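Right, one structure below, let's go through it.
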Amino acid sequence: MSYATSVSVVSSAVELTPPGPRGIPPLFARLVDDSALFPPGEATMPEALRTHFETRGGEHAGVLGVFLCQASRLPELITELIKIKPKKPLPFSLIIDTGLGGVPKAISIVESRNELLDLRMVEMPAPSDVDEVWLERVSEFVPEDVIRVVEPRRGVGWLDGVRKVIEHGSRPKIRCGGLSSENFPSVDEVADFLAVVSGFTGASFKATNSLHRAVRHTEESGVVCHGFLNILVASARCLSGGDVRAALESTDGEALAKEARALSDEAAKTVRELFACYAAASFDEPVADLGELGLL
């Protein structure tokens with residue numbers, strides 16, 4: 001199966017038609033996946049699900065992507081959903097924290113509960129050496145109509161790993177922050193990642209961690225965080241031959257917003273076919289930032 005085929009089935013960007021769900025601009029439709037169960041939020045399962053379903057019924061529901069849940073917590077997720085009795089199955093991404101060998105069992109559990117769960121994505125970290133055999137097993141274990149997301153570990157040979165992930169029909173993931181400083185990639189590392197992914201026709205990537213704010217900023221701790229709007233604009237420039245690093249480095253929210261606003265619906269959809277989505281523990285912060293910048 002070609003990569004183009006694998007993404008055309010379920011890619012949120014492909015499904016969008018201007019102006020996007022519930023009037024949300026295509027550039028931000030289904031952009032933010034819900035990682036409330038993960039650090040730094042670490043909400044309880046009942047809290048995370050209650051908030052997620054409230055958001056799905058809210059004004060900015062169109063910005064919300066899928067719910068993220070660890071494979072090790074599937075029984076807990078199912079138990080809570082049985083109590084909630086959702087009208088439709090929960091669109092969610094399965095985060096593999098049990099090793100590649102645990103994937104078939106986890107997917108079997110999900111498929112046995114298809115009245116509660118709608119599996120859209122399976123995500124997992126790659127081994128330090130992203131080898132061909134491992135990637136082939138990922139392809140074998142995950143159903144064809146489910147997006148496969150693989151996170152190569154940054155370091156020596158990292159970009160070669162990113163290329164291999166794409167070549168094997170999976171979507172690479174870039175970690176933009178975390179609990180320690182080494183989890184924060186440099187501007188050059190993000191720019192190089194974008195250059196590699198955009199070099200493959202039809203390739204998409206996912207981002208995660210510390211992208212709760214739209215614009216690049218410095219936290220009280222002194223850590224500099226990337227902004228998701230920076231990455232959206234950088235992705236647009238990457239596709240059009242613009243200055244990617246300048247977009248990633250910018251702290252001028254108004255200028256970034258103006259550039260984002262100037263994108264046509266078709267251009268915005270093309271950007272989102274590259275930058276598919278990102279995971280955030282907070283939904284209110286990104287939506288508030290977009291509102292303040294006049295983008296929603």
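In the structure tokens, each chain is lettered A, B, ... as it comes, each chain's residues begin at 1, and ligands are numbered from 1 in order of appearance.
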Hey, what does DSSP flag as strand (DSSP E) within segment 129-293 of chain A? Can you give it to me as a PyMOL selection string?
chain A and resi 147-151+171-175+205-208+217-218+224-225+275-280
Neighbours of segment 207-220 of chain A within 7 Å (only C-alpha atoms; same-chain residues fewer than 3 positions away dropped), as a PDB file with all heavy atoms, in the first residue's frame?
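Full text of selection_6.pdb as output:
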ATOM      1  N   LYS A 173       6.552  11.665  14.010  1.00  0.00           N
ATOM      2  CA  LYS A 173       6.139  12.599  15.066  1.00  0.00           C
ATOM      3  C   LYS A 173       7.363  13.307  15.600  1.00  0.00           C
ATOM      4  O   LYS A 173       8.417  12.696  15.801  1.00  0.00           O
ATOM      5  CB  LYS A 173       5.423  11.849  16.190  1.00  0.00           C
ATOM      6  CG  LYS A 173       4.994  12.757  17.352  1.00  0.00           C
ATOM      7  CD  LYS A 173       3.916  12.126  18.213  1.00  0.00           C
ATOM      8  CE  LYS A 173       4.375  10.942  19.006  1.00  0.00           C
ATOM      9  NZ  LYS A 173       3.327  10.452  19.927  1.00  0.00           N
ATOM     10  N   ILE A 174       7.237  14.610  15.843  1.00  0.00           N
ATOM     11  CA  ILE A 174       8.313  15.386  16.433  1.00  0.00           C
ATOM     12  C   ILE A 174       7.891  15.863  17.815  1.00  0.00           C
ATOM     13  O   ILE A 174       6.807  16.433  17.983  1.00  0.00           O
ATOM     14  CB  ILE A 174       8.726  16.574  15.536  1.00  0.00           C
ATOM     15  CG1 ILE A 174       9.896  17.337  16.187  1.00  0.00           C
ATOM     16  CG2 ILE A 174       7.556  17.490  15.221  1.00  0.00           C
ATOM     17  CD1 ILE A 174      10.540  18.358  15.268  1.00  0.00           C
ATOM     18  N   ARG A 175       8.729  15.594  18.798  1.00  0.00           N
ATOM     19  CA  ARG A 175       8.483  16.018  20.174  1.00  0.00           C
ATOM     20  C   ARG A 175       9.085  17.408  20.352  1.00  0.00           C
ATOM     21  O   ARG A 175      10.287  17.597  20.184  1.00  0.00           O
ATOM     22  CB  ARG A 175       9.102  15.017  21.150  1.00  0.00           C
ATOM     23  CG  ARG A 175       8.788  15.273  22.623  1.00  0.00           C
ATOM     24  CD  ARG A 175       9.179  14.072  23.469  1.00  0.00           C
ATOM     25  NE  ARG A 175       8.390  12.903  23.072  1.00  0.00           N
ATOM     26  CZ  ARG A 175       7.190  12.601  23.579  1.00  0.00           C
ATOM     27  NH1 ARG A 175       6.664  13.370  24.513  1.00  0.00           N
ATOM     28  NH2 ARG A 175       6.539  11.539  23.162  1.00  0.00           N
ATOM     29  N   CYS A 176       8.246  18.383  20.697  1.00  0.00           N
ATOM     30  CA  CYS A 176       8.693  19.786  20.761  1.00  0.00           C
ATOM     31  C   CYS A 176       8.962  20.268  22.180  1.00  0.00           C
ATOM     32  O   CYS A 176       9.205  21.454  22.407  1.00  0.00           O
ATOM     33  CB  CYS A 176       7.661  20.688  20.097  1.00  0.00           C
ATOM     34  SG  CYS A 176       7.541  20.407  18.316  1.00  0.00           S
ATOM     35  N   GLY A 177       8.900  19.371  23.155  1.00  0.00           N
ATOM     36  CA  GLY A 177       9.168  19.774  24.532  1.00  0.00           C
ATOM     37  C   GLY A 177       8.937  18.608  25.460  1.00  0.00           C
ATOM     38  O   GLY A 177       8.837  17.457  25.031  1.00  0.00           O
ATOM     39  N   GLY A 178       8.843  18.899  26.734  1.00  0.00           N
ATOM     40  CA  GLY A 178       8.639  17.842  27.713  1.00  0.00           C
ATOM     41  C   GLY A 178       9.092  18.260  29.092  1.00  0.00           C
ATOM     42  O   GLY A 178       9.146  19.452  29.416  1.00  0.00           O
ATOM     43  N   VAL A 223      12.602  28.308  30.129  1.00  0.00           N
ATOM     44  CA  VAL A 223      12.602  27.433  28.952  1.00  0.00           C
ATOM     45  C   VAL A 223      11.873  28.126  27.801  1.00  0.00           C
ATOM     46  O   VAL A 223      10.792  28.688  27.985  1.00  0.00           O
ATOM     47  CB  VAL A 223      11.920  26.084  29.269  1.00  0.00           C
ATOM     48  CG1 VAL A 223      11.794  25.245  28.001  1.00  0.00           C
ATOM     49  CG2 VAL A 223      12.694  25.335  30.333  1.00  0.00           C
ATOM     50  N   VAL A 224      12.484  28.104  26.636  1.00  0.00           N
ATOM     51  CA  VAL A 224      11.861  28.676  25.443  1.00  0.00           C
ATOM     52  C   VAL A 224      11.035  27.594  24.749  1.00  0.00           C
ATOM     53  O   VAL A 224      11.547  26.528  24.421  1.00  0.00           O
ATOM     54  CB  VAL A 224      12.916  29.236  24.474  1.00  0.00           C
ATOM     55  CG1 VAL A 224      12.245  29.804  23.232  1.00  0.00           C
ATOM     56  CG2 VAL A 224      13.755  30.315  25.154  1.00  0.00           C
ATOM     57  N   CYS A 225       9.743  27.877  24.547  1.00  0.00           N
ATOM     58  CA  CYS A 225       8.827  26.901  23.941  1.00  0.00           C
ATOM     59  C   CYS A 225       8.463  27.309  22.520  1.00  0.00           C
ATOM     60  O   CYS A 225       8.240  28.492  22.236  1.00  0.00           O
ATOM     61  CB  CYS A 225       7.550  26.796  24.769  1.00  0.00           C
ATOM     62  SG  CYS A 225       7.773  26.134  26.423  1.00  0.00           S
ATOM     63  N   HIS A 226       8.377  26.332  21.647  1.00  0.00           N
ATOM     64  CA  HIS A 226       7.903  26.577  20.291  1.00  0.00           C
ATOM     65  C   HIS A 226       6.413  26.899  20.321  1.00  0.00           C
ATOM     66  O   HIS A 226       5.690  26.495  21.244  1.00  0.00           O
ATOM     67  CB  HIS A 226       8.128  25.345  19.419  1.00  0.00           C
ATOM     68  CG  HIS A 226       9.569  25.022  19.197  1.00  0.00           C
ATOM     69  ND1 HIS A 226      10.363  25.711  18.303  1.00  0.00           N
ATOM     70  CD2 HIS A 226      10.377  24.081  19.760  1.00  0.00           C
ATOM     71  CE1 HIS A 226      11.577  25.210  18.319  1.00  0.00           C
ATOM     72  NE2 HIS A 226      11.621  24.226  19.193  1.00  0.00           N
ATOM     73  N   GLY A 227       5.938  27.619  19.310  1.00  0.00           N
ATOM     74  CA  GLY A 227       4.518  27.901  19.191  1.00  0.00           C
ATOM     75  C   GLY A 227       3.915  27.113  18.040  1.00  0.00           C
ATOM     76  O   GLY A 227       4.571  26.931  17.008  1.00  0.00           O
ATOM     77  N   PHE A 228       2.688  26.656  18.217  1.00  0.00           N
ATOM     78  CA  PHE A 228       2.084  25.870  17.135  1.00  0.00           C
ATOM     79  C   PHE A 228       1.783  26.735  15.916  1.00  0.00           C
ATOM     80  O   PHE A 228       1.829  26.256  14.781  1.00  0.00           O
ATOM     81  CB  PHE A 228       0.834  25.120  17.619  1.00  0.00           C
ATOM     82  CG  PHE A 228      -0.340  25.977  17.989  1.00  0.00           C
ATOM     83  CD1 PHE A 228      -1.232  26.437  17.028  1.00  0.00           C
ATOM     84  CD2 PHE A 228      -0.583  26.311  19.319  1.00  0.00           C
ATOM     85  CE1 PHE A 228      -2.336  27.213  17.374  1.00  0.00           C
ATOM     86  CE2 PHE A 228      -1.680  27.084  19.668  1.00  0.00           C
ATOM     87  CZ  PHE A 228      -2.558  27.548  18.701  1.00  0.00           C
ATOM     88  N   LEU A 229       1.509  28.024  16.122  1.00  0.00           N
ATOM     89  CA  LEU A 229       1.289  28.915  14.985  1.00  0.00           C
ATOM     90  C   LEU A 229       2.596  29.125  14.228  1.00  0.00           C
ATOM     91  O   LEU A 229       2.601  29.198  12.992  1.00  0.00           O
ATOM     92  CB  LEU A 229       0.709  30.252  15.450  1.00  0.00           C
ATOM     93  CG  LEU A 229       0.357  31.260  14.359  1.00  0.00           C
ATOM     94  CD1 LEU A 229      -0.668  30.683  13.375  1.00  0.00           C
ATOM     95  CD2 LEU A 229      -0.178  32.560  14.972  1.00  0.00           C
ATOM     96  N   ASN A 230       3.706  29.212  14.963  1.00  0.00           N
ATOM     97  CA  ASN A 230       5.013  29.294  14.303  1.00  0.00           C
ATOM     98  C   ASN A 230       5.218  28.109  13.369  1.00  0.00           C
ATOM     99  O   ASN A 230       5.697  28.265  12.239  1.00  0.00           O
ATOM    100  CB  ASN A 230       6.147  29.287  15.340  1.00  0.00           C
ATOM    101  CG  ASN A 230       6.167  30.518  16.220  1.00  0.00           C
ATOM    102  OD1 ASN A 230       5.368  30.632  17.146  1.00  0.00           O
ATOM    103  ND2 ASN A 230       7.086  31.434  15.952  1.00  0.00           N
ATOM    104  N   SER A 250      10.192  33.533  15.307  1.00  0.00           N
ATOM    105  CA  SER A 250       9.402  34.741  15.539  1.00  0.00           C
ATOM    106  C   SER A 250       8.621  34.701  16.856  1.00  0.00           C
ATOM    107  O   SER A 250       8.038  33.680  17.214  1.00  0.00           O
ATOM    108  CB  SER A 250       8.420  34.953  14.382  1.00  0.00           C
ATOM    109  OG  SER A 250       7.595  36.080  14.636  1.00  0.00           O
ATOM    110  N   THR A 251       8.604  35.823  17.549  1.00  0.00           N
ATOM    111  CA  THR A 251       7.753  35.994  18.730  1.00  0.00           C
ATOM    112  C   THR A 251       6.689  37.060  18.468  1.00  0.00           C
ATOM    113  O   THR A 251       6.022  37.523  19.397  1.00  0.00           O
ATOM    114  CB  THR A 251       8.604  36.385  19.955  1.00  0.00           C
ATOM    115  OG1 THR A 251       9.350  37.580  19.654  1.00  0.00           O
ATOM    116  CG2 THR A 251       9.568  35.274  20.342  1.00  0.00           C
ATOM    117  N   GLY A 253       3.376  37.656  17.385  1.00  0.00           N
ATOM    118  CA  GLY A 253       2.117  36.971  17.144  1.00  0.00           C
ATOM    119  C   GLY A 253       1.271  37.630  16.076  1.00  0.00           C
ATOM    120  O   GLY A 253       0.639  36.940  15.260  1.00  0.00           O
ATOM    121  N   CYS A 277      -1.537  17.505  12.759  1.00  0.00           N
ATOM    122  CA  CYS A 277      -2.144  17.782  14.063  1.00  0.00           C
ATOM    123  C   CYS A 277      -1.049  17.801  15.119  1.00  0.00           C
ATOM    124  O   CYS A 277       0.094  17.451  14.847  1.00  0.00           O
ATOM    125  CB  CYS A 277      -3.179  16.711  14.415  1.00  0.00           C
ATOM    126  SG  CYS A 277      -2.530  15.018  14.409  1.00  0.00           S
ATOM    127  N   TYR A 278      -1.419  18.217  16.316  1.00  0.00           N
ATOM    128  CA  TYR A 278      -0.478  18.125  17.435  1.00  0.00           C
ATOM    129  C   TYR A 278      -1.240  17.815  18.708  1.00  0.00           C
ATOM    130  O   TYR A 278      -2.452  18.064  18.805  1.00  0.00           O
ATOM    131  CB  TYR A 278       0.352  19.404  17.571  1.00  0.00           C
ATOM    132  CG  TYR A 278      -0.331  20.562  18.248  1.00  0.00           C
ATOM    133  CD1 TYR A 278      -0.201  20.781  19.618  1.00  0.00           C
ATOM    134  CD2 TYR A 278      -1.099  21.468  17.513  1.00  0.00           C
ATOM    135  CE1 TYR A 278      -0.826  21.851  20.237  1.00  0.00           C
ATOM    136  CE2 TYR A 278      -1.720  22.540  18.121  1.00  0.00           C
ATOM    137  CZ  TYR A 278      -1.578  22.730  19.492  1.00  0.00           C
ATOM    138  OH  TYR A 278      -2.197  23.790  20.114  1.00  0.00           O
ATOM    139  N   ALA A 279      -0.548  17.267  19.680  1.00  0.00           N
ATOM    140  CA  ALA A 279      -1.170  16.878  20.945  1.00  0.00           C
ATOM    141  C   ALA A 279      -0.914  17.927  22.007  1.00  0.00           C
ATOM    142  O   ALA A 279       0.215  18.410  22.154  1.00  0.00           O
ATOM    143  CB  ALA A 279      -0.618  15.526  21.407  1.00  0.00           C
ATOM    144  N   ALA A 280      -1.958  18.279  22.763  1.00  0.00           N
ATOM    145  CA  ALA A 280      -1.831  19.255  23.832  1.00  0.00           C
ATOM    146  C   ALA A 280      -2.662  18.829  25.033  1.00  0.00           C
ATOM    147  O   ALA A 280      -3.793  18.369  24.876  1.00  0.00           O
ATOM    148  CB  ALA A 280      -2.281  20.638  23.355  1.00  0.00           C
ATOM    149  N   SER A 282      -3.733  20.881  27.216  1.00  0.00           N
ATOM    150  CA  SER A 282      -4.717  21.940  27.417  1.00  0.00           C
ATOM    151  C   SER A 282      -5.354  22.295  26.085  1.00  0.00           C
ATOM    152  O   SER A 282      -4.667  22.455  25.084  1.00  0.00           O
ATOM    153  CB  SER A 282      -4.032  23.184  28.002  1.00  0.00           C
ATOM    154  OG  SER A 282      -4.858  24.326  27.856  1.00  0.00           O
ATOM    155  N   GLU A 285      -6.037  26.858  26.295  1.00  0.00           N
ATOM    156  CA  GLU A 285      -4.950  27.796  25.988  1.00  0.00           C
ATOM    157  C   GLU A 285      -4.769  28.033  24.495  1.00  0.00           C
ATOM    158  O   GLU A 285      -4.720  29.187  24.057  1.00  0.00           O
ATOM    159  CB  GLU A 285      -3.641  27.312  26.621  1.00  0.00           C
ATOM    160  CG  GLU A 285      -3.572  27.551  28.112  1.00  0.00           C
ATOM    161  CD  GLU A 285      -2.271  27.050  28.704  1.00  0.00           C
ATOM    162  OE1 GLU A 285      -2.052  25.824  28.720  1.00  0.00           O
ATOM    163  OE2 GLU A 285      -1.464  27.892  29.150  1.00  0.00           O
ATOM    164  N   PRO A 286      -4.664  26.985  23.666  1.00  0.00           N
ATOM    165  CA  PRO A 286      -4.524  27.263  22.236  1.00  0.00           C
ATOM    166  C   PRO A 286      -5.720  27.996  21.644  1.00  0.00           C
ATOM    167  O   PRO A 286      -5.550  28.893  20.812  1.00  0.00           O
ATOM    168  CB  PRO A 286      -4.346  25.868  21.610  1.00  0.00           C
ATOM    169  CG  PRO A 286      -4.702  24.889  22.650  1.00  0.00           C
ATOM    170  CD  PRO A 286      -4.500  25.546  23.959  1.00  0.00           C
ATOM    171  N   ASP A 289      -5.541  31.676  22.656  1.00  0.00           N
ATOM    172  CA  ASP A 289      -4.521  32.390  21.882  1.00  0.00           C
ATOM    173  C   ASP A 289      -5.018  32.693  20.480  1.00  0.00           C
ATOM    174  O   ASP A 289      -4.831  33.802  19.964  1.00  0.00           O
ATOM    175  CB  ASP A 289      -3.232  31.561  21.803  1.00  0.00           C
ATOM    176  CG  ASP A 289      -2.362  31.713  23.045  1.00  0.00           C
ATOM    177  OD1 ASP A 289      -2.806  32.372  24.003  1.00  0.00           O
ATOM    178  OD2 ASP A 289      -1.237  31.166  23.053  1.00  0.00           O
ATOM    179  N   LEU A 290      -5.645  31.714  19.837  1.00  0.00           N
ATOM    180  CA  LEU A 290      -6.171  31.938  18.492  1.00  0.00           C
ATOM    181  C   LEU A 290      -7.245  33.015  18.505  1.00  0.00           C
ATOM    182  O   LEU A 290      -7.323  33.846  17.583  1.00  0.00           O
ATOM    183  CB  LEU A 290      -6.734  30.631  17.927  1.00  0.00           C
ATOM    184  CG  LEU A 290      -5.717  29.541  17.561  1.00  0.00           C
ATOM    185  CD1 LEU A 290      -6.432  28.258  17.145  1.00  0.00           C
ATOM    186  CD2 LEU A 290      -4.785  30.007  16.452  1.00  0.00           C
TER     187      LEU A 290
END
I'd like the contact shell of Ser221 of chain A - 12 Å cut-off, only C-alpha atoms, skipping same-chain residues fewer than 5 positions apart - returned as a VMD selection string.
chain A and resid 179 to 181
All residues 9 Å or closer to Leu31 of chain A, only C-alpha atoms, same chain fewer than 6 positions away omitted, as a list in words
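Residues near the query, excluding close chain neighbours: Ser12, Gly62, Val63, Leu64, Gly65, Arg272, Phe275, Ala276, Cys277, Tyr278 and Ala279 of chain A.
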With C-alpha atoms kept, could you save the residues just selected as a compact mmCIF listing (two decimals), in the first residue's frame?
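selection.txt, written as the output of this step:
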# COMPACT_ATOMS: atom_id res chain seq x y z
CA SER A 12 -8.53 15.05 8.67
CA GLY A 62 -14.09 22.00 15.26
CA VAL A 63 -10.55 22.68 16.51
CA LEU A 64 -10.56 19.48 18.58
CA GLY A 65 -9.00 16.32 17.18
CA ARG A 272 -2.51 20.86 7.08
CA PHE A 275 1.27 19.45 9.54
CA ALA A 276 -1.60 17.12 10.35
CA CYS A 277 -2.14 17.78 14.06
CA TYR A 278 -0.48 18.13 17.43
CA ALA A 279 -1.17 16.88 20.95
List every residue of segment 89-213 of chain A that DSSP, applied to the backbone of this structure, places in alpha helix (DSSP H), and write the result as an MDAnalysis selection string.
chainID A and resid 103:111 132:141 158:167 187:198
Residue nearest Pro75 of chain A - candidates A:Ser139, A:Ser240, A:Ser235, A:Ser112, atoms counted: only C-alpha atoms:
A:Ser112
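With distances restricted to only C-alpha atoms, A:Pro172 is the closest residue to Ser198 of chain A from A:Pro91, A:Pro172, A:Gly58, A:Pro86.
Atom CA of Arg50 of chain A to atom CA of Pro143 of chain A spans 28.6 Å [interatomic distance, one decimal].
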For each of A:Ala43, A:Leu296, A:Val244, A:Leu274, take the minimum atom-to-atom distance to Thr201 of chain A, counting only C-alpha atoms, then give the residue where this is smallest.
A:Leu274
Quick one: everything within 10 Å of segment 117-126 of chain A, counting only C-alpha atoms, minus sequence neighbours fewer than 5 positions away in the same chain. Send it as an NGL selection string.
:A and (10-12 or 66-71 or 77-78 or 81 or 86 or 88-100 or 103 or 107 or 109-112 or 131 or 134-135 or 138 or 142-143 or 145-153 or 161-162 or 165 or 170-173 or 206)
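Proximity to Ala29 of chain A was assessed for A:Gly294, A:Gly169, A:Val287, A:Leu194 counting only C-alpha atoms; the smallest distance is recorded for A:Val287.
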Test item: residues at most 12 Å from Glu259 of chain A, only C-alpha atoms, excluding those fewer than 3 positions along its chain, as a ChimeraX atom specification
/A:27,229-230,232-237,242,247,252-256,262-264,267-268,293,295
Rounded to one decimal, what separation in Å do you get between atom CA of Leu49 of chain A and atom CA of Leu116 of chain A?
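Going from atom CA of Leu49 of chain A over to atom CA of Leu116 of chain A covers 12.6 Å.
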So the first atom is atom CA of Ile24 of chain A and the second is atom CA of Met45 of chain A; what is the distance between them in Å, to one decimal place?
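The value is 27.9 Å.
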So which residues touch Gly155 of chain A within 9 Å, counting only C-alpha atoms, skipping near sequence neighbours fewer than 3 positions away, as a PyMOL selection string?
chain A and resi 128+158-159
